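S.K.: Before I ask anything, let me first share the structure, which is written out below as structure tokens.
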Amino acid sequence: MNGAALHAEPNPVRTSRWSSPGPSDGNMYAVARMKGKAGQGRFWVGMETGECYENYPWWAVALCNLVSQAIYGLGAFIVYQLGWIWMAIYLVYLLVLEIRLLGGHCVHCYYYGKACAFGKGRLSALFFKRGDPGRFSGKRITWLSMIPDILVGLVPIIAGIIVLVRGFSWTVLVAMISVLLLATAGSGAVRNSLACRHCRQRELGCPAEQLFRKAGSQES
């Protein structure tokens, strides 16, 4: 990556017709950008950045949520084979993760009150007060801190193995393979080509961007 790419200006903002732009928060995000390390040029190895959306179009939000909700649904189905109590525990776990995301992360994001790729910015604004943008861009995450999210797909796989040992089922096997593909290739494709590629927060500084970019650099 050359010096010019590192100091390139942010991509122009694109506003979706689906929803009107939220408050600019210009001063707060100017400070946040100074605090964070903006991911200019490339997001991580293998993904080019694109024009940033001020509000993502409805079809993008629907597509991104389709992948995540499919993982949730198939995961719940697999865990249910062990009993409805286990499925209930799994669903509560998913709910806790969503609440943690909305109240602990989305409130500090640029897309608070706006339509992010997953629509959670607007949802967060309905239940939680605006946070500090500097906390989002200044936060650092590791692979260890991502374990709770990894378990969303890993738990159904483990549960599925137990179910198959007890008695083989093509339905469960197909569901397991689907969860594995959606949680890896599917989620990665959506984020690389749509969610992260057009994200304004990525320009301001995103801890996930830094983690994946570092991992991509080590692999290259």
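Lettering and numbering for the structure tokens are positional, with chains as A, B, ... in the shown order, residues counted from 1 in each chain, and ligands counted from 1 in the shown order.
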Any idea what's packed within 10 Å of segment 165-176 of chain A, counting only C-alpha atoms, ignoring anything in its chain fewer than 4 positions away? Could you give it as number ranges by chain?
M.R.: A: 71, 73-75, 77-79, 81, 153-154, 156-161, 180-182
S.K.: Quick one: everything within 6 Å of segment 108-115 of chain A, counting only C-alpha atoms, minus sequence neighbours fewer than 4 positions away in the same chain. Send it as JSON, numbers by chain.
M.R.: {"A": [22, 55, 56, 119, 121, 122, 125, 131, 132, 133, 136, 201]}
S.K.: Taking only C-alpha atoms into account, name the residue in A:Phe128, A:Arg135, A:Leu194, A:Leu211 that is nearest to Leu63 of chain A.
M.R.: A:Leu194
S.K.: Pick from A:Ala62, A:Ile147, A:Val67, A:Val152: nearest to Ile89 of chain A, with only C-alpha atoms counted?
M.R.: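 Selected residue with least distance to Ile89 of chain A: A:Val152.
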S.K.: Based on DSSP run over this structure's backbone, return all residues of segment 21-193 of chain A in alpha helix (DSSP H), as a ChimeraX atom specification.
M.R.: /A:26-35,58-80,84-104,120-127,133-138,147-166,170-181,187-190
S.K.: Find the residue from A:Val96, A:Leu91, A:Ala195, A:Ala183 that sits nearest to Ala117 of chain A; use only C-alpha atoms when measuring.
M.R.: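 Among the listed residues, the smallest separation from Ala117 of chain A belongs to A:Ala195.
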S.K.: Quick one, how far is atom CA of Cys106 of chain A from atom CA of Ser137 of chain A?
M.R.: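 Rounded to one decimal, the two atoms are 11.7 Å apart.
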S.K.: Pick out the closest residue to Cys199 of chain A from this set: A:Leu101, A:Cys116, A:Ser68, A:Pro57. Count only C-alpha atoms.
M.R.: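 The closest residue to Cys199 of chain A is A:Cys116.
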S.K.: Can you tell me which residues surround Arg191 of chain A at a distance of at most 10 Å, considering only C-alpha atoms, apart from same-chain residues fewer than 6 positions away, and format the answer as JSON, numbers by chain?
M.R.: {"A": [47, 64, 117, 185, 197, 198, 199]}
S.K.: How about saving the chosen residues, N, CA and C atoms kept, as an mmCIF file, in the first residue's frame?
M.R.:
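What ended up in selection_29.cif:
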data_model
loop_
_atom_site.group_PDB
_atom_site.id
_atom_site.type_symbol
_atom_site.label_atom_id
_atom_site.label_comp_id
_atom_site.auth_asym_id
_atom_site.auth_seq_id
_atom_site.Cartn_x
_atom_site.Cartn_y
_atom_site.Cartn_z
ATOM 1 N N MET A 47 -10.433 -7.272 0.114
ATOM 2 C CA MET A 47 -11.647 -6.487 0.024
ATOM 3 C C MET A 47 -11.334 -5.044 -0.299
ATOM 4 N N CYS A 64 -28.341 -8.631 4.545
ATOM 5 C CA CYS A 64 -27.429 -8.864 5.673
ATOM 6 C C CYS A 64 -28.137 -9.600 6.807
ATOM 7 N N ALA A 117 -25.897 -1.516 8.086
ATOM 8 C CA ALA A 117 -26.100 -2.689 7.229
ATOM 9 C C ALA A 117 -27.074 -3.693 7.819
ATOM 10 N N ALA A 185 -18.328 -18.642 5.050
ATOM 11 C CA ALA A 185 -18.327 -18.046 3.718
ATOM 12 C C ALA A 185 -19.464 -17.051 3.527
ATOM 13 N N ARG A 197 -17.839 -2.934 3.385
ATOM 14 C CA ARG A 197 -17.314 -2.205 2.232
ATOM 15 C C ARG A 197 -17.872 -0.793 2.133
ATOM 16 N N HIS A 198 -19.128 -0.620 2.526
ATOM 17 C CA HIS A 198 -19.779 0.692 2.398
ATOM 18 C C HIS A 198 -19.991 1.369 3.749
ATOM 19 N N CYS A 199 -19.245 0.966 4.752
ATOM 20 C CA CYS A 199 -19.458 1.462 6.119
ATOM 21 C C CYS A 199 -18.681 2.751 6.404
#
